[in-house]
$ cat work.pdb   # PDB, C-alpha atoms and all ligand atoms
ATOM      1  CA  MET A  28       0.000   0.000   0.000  1.00  0.00           C
ATOM      2  CA  SER A  29       1.318   3.437  -0.830  1.00  0.00           C
ATOM      3  CA  HIS A  30       1.998   6.212   1.654  1.00  0.00           C
ATOM      4  CA  ARG A  31      -0.448   8.959   0.751  1.00  0.00           C
ATOM      5  CA  ILE A  32       1.025  12.452   1.131  1.00  0.00           C
ATOM      6  CA  GLY A  33      -0.842  15.758   1.143  1.00  0.00           C
ATOM      7  CA  VAL A  34       1.133  18.958   0.492  1.00  0.00           C
ATOM      8  CA  LEU A  35       0.030  22.377   1.707  1.00  0.00           C
ATOM      9  CA  LEU A  36       1.586  25.448   0.108  1.00  0.00           C
ATOM     10  CA  SER A  37       1.049  29.169  -0.340  1.00  0.00           C
ATOM     11  CA  GLY A  38       3.461  30.155  -3.102  1.00  0.00           C
ATOM     12  CA  ARG A  39       6.230  29.056  -5.416  1.00  0.00           C
ATOM     13  CA  GLY A  40       6.074  25.363  -4.599  1.00  0.00           C
ATOM     14  CA  SER A  41       9.705  24.439  -5.228  1.00  0.00           C
ATOM     15  CA  ASN A  42       9.825  22.181  -2.157  1.00  0.00           C
ATOM     16  CA  PHE A  43       6.668  20.460  -3.325  1.00  0.00           C
ATOM     17  CA  GLU A  44       8.264  19.963  -6.725  1.00  0.00           C
ATOM     18  CA  ALA A  45      11.449  18.603  -5.149  1.00  0.00           C
ATOM     19  CA  LEU A  46       9.388  16.037  -3.232  1.00  0.00           C
ATOM     20  CA  ALA A  47       7.451  15.114  -6.366  1.00  0.00           C
ATOM     21  CA  ASP A  48      10.745  14.690  -8.272  1.00  0.00           C
ATOM     22  CA  SER A  49      12.170  12.518  -5.509  1.00  0.00           C
ATOM     23  CA  ILE A  50       9.100  10.302  -5.519  1.00  0.00           C
ATOM     24  CA  ALA A  51       9.171  10.018  -9.310  1.00  0.00           C
ATOM     25  CA  ALA A  52      12.837   9.039  -9.103  1.00  0.00           C
ATOM     26  CA  GLY A  53      12.122   6.355  -6.495  1.00  0.00           C
ATOM     27  CA  ARG A  54      13.980   8.135  -3.700  1.00  0.00           C
ATOM     28  CA  ILE A  55      10.992   7.908  -1.312  1.00  0.00           C
ATOM     29  CA  PRO A  56       9.845   4.312  -1.585  1.00  0.00           C
ATOM     30  CA  GLY A  57       6.094   3.754  -1.640  1.00  0.00           C
ATOM     31  CA  ALA A  58       5.181   7.438  -1.441  1.00  0.00           C
ATOM     32  CA  GLU A  59       2.600   9.245  -3.537  1.00  0.00           C
ATOM     33  CA  ILE A  60       1.469  12.888  -3.409  1.00  0.00           C
ATOM     34  CA  VAL A  61      -2.294  12.553  -3.700  1.00  0.00           C
ATOM     35  CA  LEU A  62      -3.365  16.140  -3.035  1.00  0.00           C
ATOM     36  CA  VAL A  63      -1.964  19.676  -3.030  1.00  0.00           C
ATOM     37  CA  ILE A  64      -3.870  22.389  -1.204  1.00  0.00           C
ATOM     38  CA  SER A  65      -3.113  26.099  -1.434  1.00  0.00           C
ATOM     39  CA  ASN A  66      -4.667  28.898   0.590  1.00  0.00           C
ATOM     40  CA  ARG A  67      -3.859  31.273  -2.270  1.00  0.00           C
ATOM     41  CA  GLU A  68      -5.242  30.929  -5.749  1.00  0.00           C
ATOM     42  CA  ASP A  69      -2.241  32.694  -7.314  1.00  0.00           C
ATOM     43  CA  ALA A  70       0.265  30.181  -5.900  1.00  0.00           C
ATOM     44  CA  LEU A  71       2.716  29.038  -8.570  1.00  0.00           C
ATOM     45  CA  GLY A  72       2.745  25.655  -6.830  1.00  0.00           C
ATOM     46  CA  LEU A  73      -0.762  25.029  -8.190  1.00  0.00           C
ATOM     47  CA  GLN A  74       0.531  25.243 -11.754  1.00  0.00           C
ATOM     48  CA  ARG A  75       3.402  22.943 -10.863  1.00  0.00           C
ATOM     49  CA  ALA A  76       0.875  20.420  -9.524  1.00  0.00           C
ATOM     50  CA  ALA A  77      -1.282  20.708 -12.629  1.00  0.00           C
ATOM     51  CA  ALA A  78       1.758  20.126 -14.858  1.00  0.00           C
ATOM     52  CA  ARG A  79       2.351  16.876 -12.998  1.00  0.00           C
ATOM     53  CA  ARG A  80      -1.323  15.910 -13.004  1.00  0.00           C
ATOM     54  CA  ILE A  81      -1.404  15.905  -9.219  1.00  0.00           C
ATOM     55  CA  PRO A  82      -4.835  16.911  -7.882  1.00  0.00           C
ATOM     56  CA  ALA A  83      -4.696  20.454  -6.498  1.00  0.00           C
ATOM     57  CA  ARG A  84      -7.273  22.576  -4.747  1.00  0.00           C
ATOM     58  CA  VAL A  85      -7.519  26.149  -3.524  1.00  0.00           C
ATOM     59  CA  ILE A  86      -9.112  26.614  -0.148  1.00  0.00           C
ATOM     60  CA  SER A  87      -9.283  30.318   0.582  1.00  0.00           C
ATOM     61  CA  SER A  88      -9.143  31.422   4.183  1.00  0.00           C
ATOM     62  CA  LYS A  89     -10.922  34.719   3.547  1.00  0.00           C
ATOM     63  CA  GLY A  90     -13.309  35.559   6.351  1.00  0.00           C
ATOM     64  CA  LEU A  91     -12.738  32.316   8.220  1.00  0.00           C
ATOM     65  CA  GLN A  92     -11.464  31.858  11.770  1.00  0.00           C
ATOM     66  CA  ARG A  93      -8.344  29.710  12.036  1.00  0.00           C
ATOM     67  CA  GLU A  94     -10.063  26.547  13.198  1.00  0.00           C
ATOM     68  CA  ALA A  95     -12.989  26.866  10.787  1.00  0.00           C
ATOM     69  CA  TYR A  96     -10.469  27.079   7.952  1.00  0.00           C
ATOM     70  CA  ASP A  97      -8.459  24.166   9.262  1.00  0.00           C
ATOM     71  CA  ARG A  98     -11.589  22.013   9.474  1.00  0.00           C
ATOM     72  CA  LEU A  99     -12.117  22.512   5.729  1.00  0.00           C
ATOM     73  CA  VAL A 100      -8.524  21.592   4.968  1.00  0.00           C
ATOM     74  CA  VAL A 101      -8.520  18.568   7.277  1.00  0.00           C
ATOM     75  CA  SER A 102     -11.715  17.216   5.759  1.00  0.00           C
ATOM     76  CA  GLU A 103     -10.202  17.431   2.255  1.00  0.00           C
ATOM     77  CA  LEU A 104      -7.060  15.672   3.460  1.00  0.00           C
ATOM     78  CA  GLN A 105      -9.086  12.956   5.159  1.00  0.00           C
ATOM     79  CA  ARG A 106     -11.261  12.523   2.089  1.00  0.00           C
ATOM     80  CA  ALA A 107      -8.096  11.913   0.089  1.00  0.00           C
ATOM     81  CA  ARG A 108      -6.978   9.433   2.778  1.00  0.00           C
ATOM     82  CA  VAL A 109      -3.791  11.383   3.401  1.00  0.00           C
ATOM     83  CA  GLU A 110      -1.445   9.789   5.921  1.00  0.00           C
ATOM     84  CA  LEU A 111       1.349  12.382   6.004  1.00  0.00           C
ATOM     85  CA  VAL A 112       0.965  16.159   5.620  1.00  0.00           C
ATOM     86  CA  CYS A 113       3.934  18.116   4.284  1.00  0.00           C
ATOM     87  CA  LEU A 114       3.916  21.879   4.697  1.00  0.00           C
ATOM     88  CA  ALA A 115       5.921  23.373   1.861  1.00  0.00           C
ATOM     89  CA  GLY A 116       5.909  27.133   2.205  1.00  0.00           C
ATOM     90  CA  PHE A 117       2.434  27.104   3.766  1.00  0.00           C
ATOM     91  CA  MET A 118       2.376  30.458   5.501  1.00  0.00           C
ATOM     92  CA  ARG A 119      -0.245  29.764   8.137  1.00  0.00           C
ATOM     93  CA  LEU A 120      -0.095  28.591  11.702  1.00  0.00           C
ATOM     94  CA  LEU A 121      -2.039  25.366  12.255  1.00  0.00           C
ATOM     95  CA  SER A 122      -4.721  25.190  14.947  1.00  0.00           C
ATOM     96  CA  PRO A 123      -4.569  22.639  17.771  1.00  0.00           C
ATOM     97  CA  TYR A 124      -7.515  20.947  16.012  1.00  0.00           C
ATOM     98  CA  PHE A 125      -5.479  20.386  12.836  1.00  0.00           C
ATOM     99  CA  VAL A 126      -2.435  19.155  14.752  1.00  0.00           C
ATOM    100  CA  ALA A 127      -4.558  16.699  16.770  1.00  0.00           C
ATOM    101  CA  CYS A 128      -6.020  15.226  13.568  1.00  0.00           C
ATOM    102  CA  PHE A 129      -2.552  14.157  12.328  1.00  0.00           C
ATOM    103  CA  PRO A 130      -0.504  13.400  15.434  1.00  0.00           C
ATOM    104  CA  GLN A 131       3.223  13.455  14.570  1.00  0.00           C
ATOM    105  CA  ARG A 132       2.231  13.210  10.952  1.00  0.00           C
ATOM    106  CA  ILE A 133       2.751  16.834   9.869  1.00  0.00           C
ATOM    107  CA  LEU A 134       6.157  18.036   8.662  1.00  0.00           C
ATOM    108  CA  ASN A 135       7.369  21.540   7.954  1.00  0.00           C
ATOM    109  CA  ILE A 136      10.483  22.916   6.310  1.00  0.00           C
ATOM    110  CA  HIS A 137      11.967  26.182   7.479  1.00  0.00           C
ATOM    111  CA  PRO A 138      14.927  28.137   6.026  1.00  0.00           C
ATOM    112  CA  SER A 139      17.010  28.511   9.199  1.00  0.00           C
ATOM    113  CA  LEU A 140      18.629  26.400  11.873  1.00  0.00           C
ATOM    114  CA  LEU A 141      15.737  26.379  14.321  1.00  0.00           C
ATOM    115  CA  PRO A 142      15.198  27.487  17.017  1.00  0.00           C
ATOM    116  CA  SER A 143      17.041  30.481  15.535  1.00  0.00           C
ATOM    117  CA  PHE A 144      15.042  32.777  13.293  1.00  0.00           C
ATOM    118  CA  PRO A 145      11.500  31.364  13.234  1.00  0.00           C
ATOM    119  CA  GLY A 146       8.779  33.208  11.328  1.00  0.00           C
ATOM    120  CA  LEU A 147       8.974  35.242   8.161  1.00  0.00           C
ATOM    121  CA  GLU A 148      12.131  36.109   6.207  1.00  0.00           C
ATOM    122  CA  ALA A 149      14.347  33.749   8.163  1.00  0.00           C
ATOM    123  CA  GLN A 150      17.244  34.195   5.732  1.00  0.00           C
ATOM    124  CA  ARG A 151      17.156  37.976   6.095  1.00  0.00           C
ATOM    125  CA  GLN A 152      16.942  37.627   9.884  1.00  0.00           C
ATOM    126  CA  ALA A 153      20.076  35.429   9.828  1.00  0.00           C
ATOM    127  CA  LEU A 154      22.011  37.886   7.640  1.00  0.00           C
ATOM    128  CA  GLU A 155      21.031  40.858   9.766  1.00  0.00           C
ATOM    129  CA  TYR A 156      21.958  39.043  12.959  1.00  0.00           C
ATOM    130  CA  GLY A 157      25.385  38.310  11.511  1.00  0.00           C
ATOM    131  CA  VAL A 158      25.540  34.543  12.005  1.00  0.00           C
ATOM    132  CA  LYS A 159      28.309  32.729  10.126  1.00  0.00           C
ATOM    133  CA  PHE A 160      26.264  29.594   9.570  1.00  0.00           C
ATOM    134  CA  SER A 161      22.607  29.211   8.731  1.00  0.00           C
ATOM    135  CA  GLY A 162      20.732  26.425   6.986  1.00  0.00           C
ATOM    136  CA  CYS A 163      17.377  24.711   7.067  1.00  0.00           C
ATOM    137  CA  THR A 164      15.311  22.495   9.316  1.00  0.00           C
ATOM    138  CA  VAL A 165      12.610  19.879   8.822  1.00  0.00           C
ATOM    139  CA  HIS A 166      10.537  19.387  11.948  1.00  0.00           C
ATOM    140  CA  LEU A 167       7.343  17.846  13.200  1.00  0.00           C
ATOM    141  CA  VAL A 168       4.611  20.444  13.500  1.00  0.00           C
ATOM    142  CA  ASP A 169       2.841  21.422  16.675  1.00  0.00           C
ATOM    143  CA  GLU A 170       0.562  24.394  17.259  1.00  0.00           C
ATOM    144  CA  ASN A 171       3.479  26.790  17.810  1.00  0.00           C
ATOM    145  CA  LEU A 172       5.281  28.666  15.044  1.00  0.00           C
ATOM    146  CA  ASP A 173       8.215  26.759  13.510  1.00  0.00           C
ATOM    147  CA  ALA A 174       8.493  24.605  16.622  1.00  0.00           C
ATOM    148  CA  GLY A 175       8.137  20.864  17.216  1.00  0.00           C
ATOM    149  CA  PRO A 176      10.768  18.111  17.340  1.00  0.00           C
ATOM    150  CA  ILE A 177      13.539  18.437  14.761  1.00  0.00           C
ATOM    151  CA  LEU A 178      13.874  15.662  12.205  1.00  0.00           C
ATOM    152  CA  ALA A 179      16.768  16.919  10.129  1.00  0.00           C
ATOM    153  CA  GLN A 180      18.937  19.975   9.634  1.00  0.00           C
ATOM    154  CA  ALA A 181      21.480  21.074   7.058  1.00  0.00           C
ATOM    155  CA  ILE A 182      24.132  23.754   7.550  1.00  0.00           C
ATOM    156  CA  VAL A 183      24.822  26.482   4.998  1.00  0.00           C
ATOM    157  CA  PRO A 184      27.822  28.781   5.653  1.00  0.00           C
ATOM    158  CA  VAL A 185      27.118  32.502   5.299  1.00  0.00           C
ATOM    159  CA  ARG A 186      29.581  34.290   3.022  1.00  0.00           C
ATOM    160  CA  ASP A 187      30.751  37.829   3.595  1.00  0.00           C
ATOM    161  CA  ASP A 188      29.317  38.936   0.256  1.00  0.00           C
ATOM    162  CA  ASP A 189      25.961  37.172   0.665  1.00  0.00           C
ATOM    163  CA  THR A 190      22.742  39.000  -0.018  1.00  0.00           C
ATOM    164  CA  ASP A 191      19.297  37.819   0.987  1.00  0.00           C
ATOM    165  CA  GLU A 192      18.960  36.322  -2.514  1.00  0.00           C
ATOM    166  CA  THR A 193      22.268  34.463  -2.687  1.00  0.00           C
ATOM    167  CA  LEU A 194      21.943  33.014   0.818  1.00  0.00           C
ATOM    168  CA  SER A 195      18.296  32.034   0.192  1.00  0.00           C
ATOM    169  CA  ALA A 196      19.268  30.264  -3.039  1.00  0.00           C
ATOM    170  CA  ARG A 197      21.964  28.152  -1.344  1.00  0.00           C
ATOM    171  CA  ILE A 198      19.638  27.327   1.550  1.00  0.00           C
ATOM    172  CA  LEU A 199      16.862  26.387  -0.888  1.00  0.00           C
ATOM    173  CA  ALA A 200      19.096  23.867  -2.633  1.00  0.00           C
ATOM    174  CA  GLU A 201      19.681  22.211   0.752  1.00  0.00           C
ATOM    175  CA  GLU A 202      15.958  22.364   1.573  1.00  0.00           C
ATOM    176  CA  HIS A 203      15.138  20.361  -1.517  1.00  0.00           C
ATOM    177  CA  ARG A 204      17.592  17.634  -0.542  1.00  0.00           C
ATOM    178  CA  LEU A 205      16.729  17.642   3.159  1.00  0.00           C
ATOM    179  CA  TYR A 206      12.941  17.403   2.798  1.00  0.00           C
ATOM    180  CA  THR A 207      13.267  14.182   0.836  1.00  0.00           C
ATOM    181  CA  GLU A 208      15.518  12.686   3.512  1.00  0.00           C
ATOM    182  CA  ALA A 209      13.121  13.636   6.291  1.00  0.00           C
ATOM    183  CA  VAL A 210      10.049  12.274   4.512  1.00  0.00           C
ATOM    184  CA  ARG A 211      11.889   9.049   3.790  1.00  0.00           C
ATOM    185  CA  LEU A 212      12.808   8.720   7.463  1.00  0.00           C
ATOM    186  CA  ILE A 213       9.263   9.365   8.722  1.00  0.00           C
ATOM    187  CA  LEU A 214       7.707   6.959   6.250  1.00  0.00           C
ATOM    188  CA  SER A 215      10.260   4.276   7.075  1.00  0.00           C
ATOM    189  CA  GLY A 216       9.154   4.412  10.714  1.00  0.00           C
ATOM    190  CA  ARG A 217      12.781   3.809  11.676  1.00  0.00           C
ATOM    191  CA  TYR A 218      13.043   6.451  14.387  1.00  0.00           C
ATOM    192  CA  ARG A 219      11.926   7.032  17.932  1.00  0.00           C
ATOM    193  CA  ILE A 220      11.031  10.229  19.734  1.00  0.00           C
ATOM    194  CA  VAL A 221      12.522  10.832  23.159  1.00  0.00           C
ATOM    195  CA  GLY A 222      11.334  14.129  24.627  1.00  0.00           C
ATOM    196  CA  ARG A 223      12.052  16.585  21.824  1.00  0.00           C
ATOM    197  CA  ARG A 224      14.707  14.392  20.265  1.00  0.00           C
ATOM    198  CA  VAL A 225      14.034  12.394  17.133  1.00  0.00           C
ATOM    199  CA  ILE A 226      16.506   9.537  17.073  1.00  0.00           C
ATOM    200  CA  ALA A 227      17.009   7.809  13.738  1.00  0.00           C
ATOM    201  CA  LEU A 228      17.640   4.093  14.021  1.00  0.00           C
ATOM    202  CA  ALA A 229      20.636   2.582  12.275  1.00  0.00           C
ATOM    203  CA  ASN A 230      20.970   3.039   8.528  1.00  0.00           C
ATOM    204  CA  GLU A 231      18.593   5.981   8.266  1.00  0.00           C
ATOM    205  CA  LEU A 232      19.480   9.600   7.405  1.00  0.00           C
TER
HETATM  206  C1  LIG B 301      10.910  27.858   1.653  1.00  0.00           C
HETATM  207  O1  LIG B 301      12.141  28.518   1.767  1.00  0.00           O
HETATM  208  C2  LIG B 301      10.454  27.340   3.008  1.00  0.00           C
HETATM  209  O2  LIG B 301      11.517  26.881   3.801  1.00  0.00           O
HETATM  210  C3  LIG B 301       9.811  28.565   3.590  1.00  0.00           C
HETATM  211  O3  LIG B 301       9.102  29.125   2.512  1.00  0.00           O
HETATM  212  C4  LIG B 301       9.786  28.826   1.302  1.00  0.00           C
HETATM  213  C5  LIG B 301       8.801  28.210   0.343  1.00  0.00           C
HETATM  214  O4  LIG B 301       9.392  28.025  -0.915  1.00  0.00           O
HETATM  215  N1  LIG B 301       8.958  28.252   4.692  1.00  0.00           N
HETATM  216  C6  LIG B 301       8.874  28.989   5.801  1.00  0.00           C
HETATM  217  O5  LIG B 301       9.448  30.043   5.954  1.00  0.00           O
HETATM  218  C7  LIG B 301       7.974  28.410   6.890  1.00  0.00           C
HETATM  219  N2  LIG B 301       8.055  29.176   8.087  1.00  0.00           N
HETATM  220  P1  LIG B 301       8.730  27.051  -1.974  1.00  0.00           P
HETATM  221  O6  LIG B 301       7.266  27.498  -2.108  1.00  0.00           O
HETATM  222  O7  LIG B 301       9.491  27.265  -3.233  1.00  0.00           O
HETATM  223  O8  LIG B 301       8.851  25.644  -1.458  1.00  0.00           O
END

$ encode --input "work.pdb" --output "structure tokens"
Amino acid sequence: MSHRIGVLLSGRGSNFEALADSIAAGRIPGAEIVLVISNREDALGLQRAAARRIPARVISSKGLQREAYDRLVVSELQRARVELVCLAGFMRLLSPYFVACFPQRILNIHPSLLPSFPGLEAQRQALEYGVKFSGCTVHLVDENLDAGPILAQAIVPVRDDDTDETLSARILAEEHRLYTEAVRLILSGRYRIVGRRVIALANEL
């Protein structure tokens, strides 16, 4: 039986595309992206889904309270029998209701070494702070912003001549690689969670 993945996005969708490429190339055994949901109808990720003939839907959050919106999204995911939810540039905080519907089955990718620089424009925050190393993080999602146990991280050195764009581009390349690794680990089930620590069992990651 395949592992049914739902992807939530708000924009460009390059992390979604990287996951789709990895699945097509057999790098995430048994996985299938069965649904893409965007809260924005102008998200480029929707076109990327259409080009791959992956079902995609816009669910607008206009005028809806957080939980009311999340109930709509969760019911679509459940209808598609999604087992794992991957946030890929989905710029909304999830309600406790949403999180409880998919316990330890929601992943997010963030362009910094969490817990440094959560929230918007993480790459710019890192540059302005003056760190010498940044990177990206894939973590399990809870109801707090860019929090939850860390599954995988990758380090990207900051260069003296970096701009927001150049640093973001190098981090993005690592994001694309890292998300695949993290999804493969979760779907393999070969890990255990001790407190906040996600411990990969032998031969994973
Ligand atoms: C990515 O850099 C992702 O890490 C970030 O949004 C971008 C989406 O790009 N997510 C966050 O900042 C979450 N807090 P994409 O649409 O091309 O995948």

$ atom_distance --input "work.pdb" --atom1 "CA of Ile182 (chain A)" --atom2 "CA of Gln131 (chain A)"
24.3 Å

$ atom_distance --input "work.pdb" --atom1 "CA of Tyr124 (chain A)" --atom2 "CA of Ala77 (chain A)"
29.3 Å

$ residues_around --input "work.pdb" --residues "Ile50 (chain A)" --least-positions-apart "3" --cutoff "12 Å" --atoms "all atoms listed in the file" --output "short mmCIF file (atom, residue, chain, number, x, y, z; two decimals) with C-alpha atoms, in the frame of the given file"
data_model
loop_
_atom_site.label_atom_id
_atom_site.label_comp_id
_atom_site.auth_asym_id
_atom_site.auth_seq_id
_atom_site.Cartn_x
_atom_site.Cartn_y
_atom_site.Cartn_z
CA SER A 29 1.32 3.44 -0.83
CA HIS A 30 2.00 6.21 1.65
CA ARG A 31 -0.45 8.96 0.75
CA ILE A 32 1.02 12.45 1.13
CA PHE A 43 6.67 20.46 -3.32
CA GLU A 44 8.26 19.96 -6.72
CA ALA A 45 11.45 18.60 -5.15
CA LEU A 46 9.39 16.04 -3.23
CA ALA A 47 7.45 15.11 -6.37
CA GLY A 53 12.12 6.36 -6.50
CA ARG A 54 13.98 8.14 -3.70
CA ILE A 55 10.99 7.91 -1.31
CA PRO A 56 9.85 4.31 -1.58
CA GLY A 57 6.09 3.75 -1.64
CA ALA A 58 5.18 7.44 -1.44
CA GLU A 59 2.60 9.24 -3.54
CA ILE A 60 1.47 12.89 -3.41
CA VAL A 61 -2.29 12.55 -3.70
CA TYR A 206 12.94 17.40 2.80
CA THR A 207 13.27 14.18 0.84
CA GLU A 208 15.52 12.69 3.51
CA VAL A 210 10.05 12.27 4.51
CA ARG A 211 11.89 9.05 3.79
#

$ atom_distance --input "work.pdb" --atom1 "CA of Ser161 (chain A)" --atom2 "CA of Val112 (chain A)"
25.5 Å

$ resolve_selection --input "work.pdb" --expression "the PyMOL selection byres (((chain A and resi 223) around 9) and not hetatm)" --output "PyMOL selection string"
chain A and resi 175-177+220-222+224-225

$ write_last_selection --input "work.pdb" --atoms "C-alpha atoms" --output "mmCIF file, keeping the file's coordinate frame"
data_model
loop_
_atom_site.group_PDB
_atom_site.id
_atom_site.type_symbol
_atom_site.label_atom_id
_atom_site.label_comp_id
_atom_site.auth_asym_id
_atom_site.auth_seq_id
_atom_site.Cartn_x
_atom_site.Cartn_y
_atom_site.Cartn_z
ATOM 1 C CA GLY A 175 8.137 20.864 17.216
ATOM 2 C CA PRO A 176 10.768 18.111 17.340
ATOM 3 C CA ILE A 177 13.539 18.437 14.761
ATOM 4 C CA ILE A 220 11.031 10.229 19.734
ATOM 5 C CA VAL A 221 12.522 10.832 23.159
ATOM 6 C CA GLY A 222 11.334 14.129 24.627
ATOM 7 C CA ARG A 224 14.707 14.392 20.265
ATOM 8 C CA VAL A 225 14.034 12.394 17.133
#

$ resolve_selection --input "work.pdb" --expression "the PyMOL selection byres (((not hetatm)) within 7 of (chain B and resi 301))" --output "list in words"
Leu36, Ser37, Gly38, Arg39, Gly40, Ser41, Asn42, Phe43, Gly72, Ala115, Gly116, Phe117, Met118, Asn135, Ile136, His137, Pro138, Pro145, Gly146, Leu147, Glu148, Ala149, Asp173, Leu199 and Glu202 of chain A

$ write_last_selection --input "work.pdb" --atoms "C-alpha atoms" --output "compact mmCIF listing (two decimals), in the coordinates of the input"
# COMPACT_ATOMS: atom_id res chain seq x y z
CA LEU A 36 1.59 25.45 0.11
CA SER A 37 1.05 29.17 -0.34
CA GLY A 38 3.46 30.16 -3.10
CA ARG A 39 6.23 29.06 -5.42
CA GLY A 40 6.07 25.36 -4.60
CA SER A 41 9.70 24.44 -5.23
CA ASN A 42 9.82 22.18 -2.16
CA PHE A 43 6.67 20.46 -3.32
CA GLY A 72 2.74 25.66 -6.83
CA ALA A 115 5.92 23.37 1.86
CA GLY A 116 5.91 27.13 2.20
CA PHE A 117 2.43 27.10 3.77
CA MET A 118 2.38 30.46 5.50
CA ASN A 135 7.37 21.54 7.95
CA ILE A 136 10.48 22.92 6.31
CA HIS A 137 11.97 26.18 7.48
CA PRO A 138 14.93 28.14 6.03
CA PRO A 145 11.50 31.36 13.23
CA GLY A 146 8.78 33.21 11.33
CA LEU A 147 8.97 35.24 8.16
CA GLU A 148 12.13 36.11 6.21
CA ALA A 149 14.35 33.75 8.16
CA ASP A 173 8.22 26.76 13.51
CA LEU A 199 16.86 26.39 -0.89
CA GLU A 202 15.96 22.36 1.57

$ residues_around --input "work.pdb" --residues "region 103-109 of chain A" --least-positions-apart "3" --cutoff "12 Å" --atoms "all atoms listed in the file" --output "ChimeraX atom specification"
/A:29-35,58-65,82-86,96-100,112-113,125,128-129,132-133

$ resolve_selection --input "work.pdb" --expression "the PyMOL selection byres (((chain A and resi 151) around 10) and not hetatm)" --output "count of residues only"
17

$ axis_aligned_box --input "work.pdb" --around "region 70-88 of chain A" --padding-each-side "4 Å" --output "AutoDock Vina command-line options"
--center_x -2.9 --center_y 23.7 --center_z -5.3 --size_x 20.7 --size_y 23.5 --size_z 27.0

$ closest_residue --input "work.pdb" --among "A:Arg67, A:Ala127, A:Leu205, A:Thr193" --to "Thr164 (chain A)" --atoms "all atoms listed in the file"
A:Leu205

$ closest_residue --input "work.pdb" --among "A:Ile81, A:Ala70, A:Ser122, A:Ser87" --to "Asp169 (chain A)" --atoms "all atoms listed in the file"
A:Ser122

$ residues_around --input "work.pdb" --residues "Tyr218 (chain A)" --least-positions-apart "3" --cutoff "8 Å" --atoms "all atoms listed in the file" --output "list in words"
Leu212, Ile213, Val225, Ile226, Ala227 and Leu228 of chain A

$ closest_residue --input "work.pdb" --among "A:Leu71, A:Ala174, A:Val126, A:Ala229" --to "Ser143 (chain A)" --atoms "all atoms listed in the file"
A:Ala174

$ closest_residue --input "work.pdb" --among "A:Cys163, A:Ala52, A:Ala179, A:Leu111" --to "Arg197 (chain A)" --atoms "all atoms listed in the file"
A:Cys163

$ build_atoms --input "work.pdb" --residues "region 39-49 of chain A" --atoms "N, CA, C and O atoms" --output "mmCIF file, in the coordinates of the input"
data_model
loop_
_atom_site.group_PDB
_atom_site.id
_atom_site.type_symbol
_atom_site.label_atom_id
_atom_site.label_comp_id
_atom_site.auth_asym_id
_atom_site.auth_seq_id
_atom_site.Cartn_x
_atom_site.Cartn_y
_atom_site.Cartn_z
ATOM 1 N N ARG A 39 5.419 29.570 -4.302
ATOM 2 C CA ARG A 39 6.230 29.056 -5.416
ATOM 3 C C ARG A 39 6.164 27.545 -5.596
ATOM 4 O O ARG A 39 6.126 27.028 -6.699
ATOM 5 N N GLY A 40 6.235 26.817 -4.506
ATOM 6 C CA GLY A 40 6.074 25.363 -4.599
ATOM 7 C C GLY A 40 7.313 24.600 -5.012
ATOM 8 O O GLY A 40 7.216 23.461 -5.468
ATOM 9 N N SER A 41 8.509 25.182 -4.808
ATOM 10 C CA SER A 41 9.705 24.439 -5.228
ATOM 11 C C SER A 41 9.976 23.246 -4.313
ATOM 12 O O SER A 41 10.497 22.219 -4.768
ATOM 13 N N ASN A 42 9.642 23.351 -3.037
ATOM 14 C CA ASN A 42 9.825 22.181 -2.157
ATOM 15 C C ASN A 42 8.838 21.072 -2.495
ATOM 16 O O ASN A 42 9.182 19.891 -2.449
ATOM 17 N N PHE A 43 7.630 21.461 -2.850
ATOM 18 C CA PHE A 43 6.668 20.460 -3.325
ATOM 19 C C PHE A 43 7.230 19.751 -4.555
ATOM 20 O O PHE A 43 7.216 18.511 -4.654
ATOM 21 N N GLU A 44 7.751 20.549 -5.491
ATOM 22 C CA GLU A 44 8.264 19.963 -6.725
ATOM 23 C C GLU A 44 9.454 19.037 -6.451
ATOM 24 O O GLU A 44 9.586 17.975 -7.062
ATOM 25 N N ALA A 45 10.296 19.450 -5.491
ATOM 26 C CA ALA A 45 11.449 18.603 -5.149
ATOM 27 C C ALA A 45 10.972 17.264 -4.591
ATOM 28 O O ALA A 45 11.529 16.204 -4.924
ATOM 29 N N LEU A 46 9.926 17.301 -3.765
ATOM 30 C CA LEU A 46 9.388 16.037 -3.232
ATOM 31 C C LEU A 46 8.797 15.199 -4.365
ATOM 32 O O LEU A 46 9.018 13.978 -4.434
ATOM 33 N N ALA A 47 8.056 15.844 -5.243
ATOM 34 C CA ALA A 47 7.451 15.114 -6.366
ATOM 35 C C ALA A 47 8.540 14.486 -7.239
ATOM 36 O O ALA A 47 8.419 13.334 -7.683
ATOM 37 N N ASP A 48 9.621 15.223 -7.476
ATOM 38 C CA ASP A 48 10.745 14.690 -8.272
ATOM 39 C C ASP A 48 11.373 13.490 -7.569
ATOM 40 O O ASP A 48 11.709 12.487 -8.211
ATOM 41 N N SER A 49 11.550 13.617 -6.257
ATOM 42 C CA SER A 49 12.170 12.518 -5.509
ATOM 43 C C SER A 49 11.304 11.264 -5.567
ATOM 44 O O SER A 49 11.824 10.146 -5.689
#
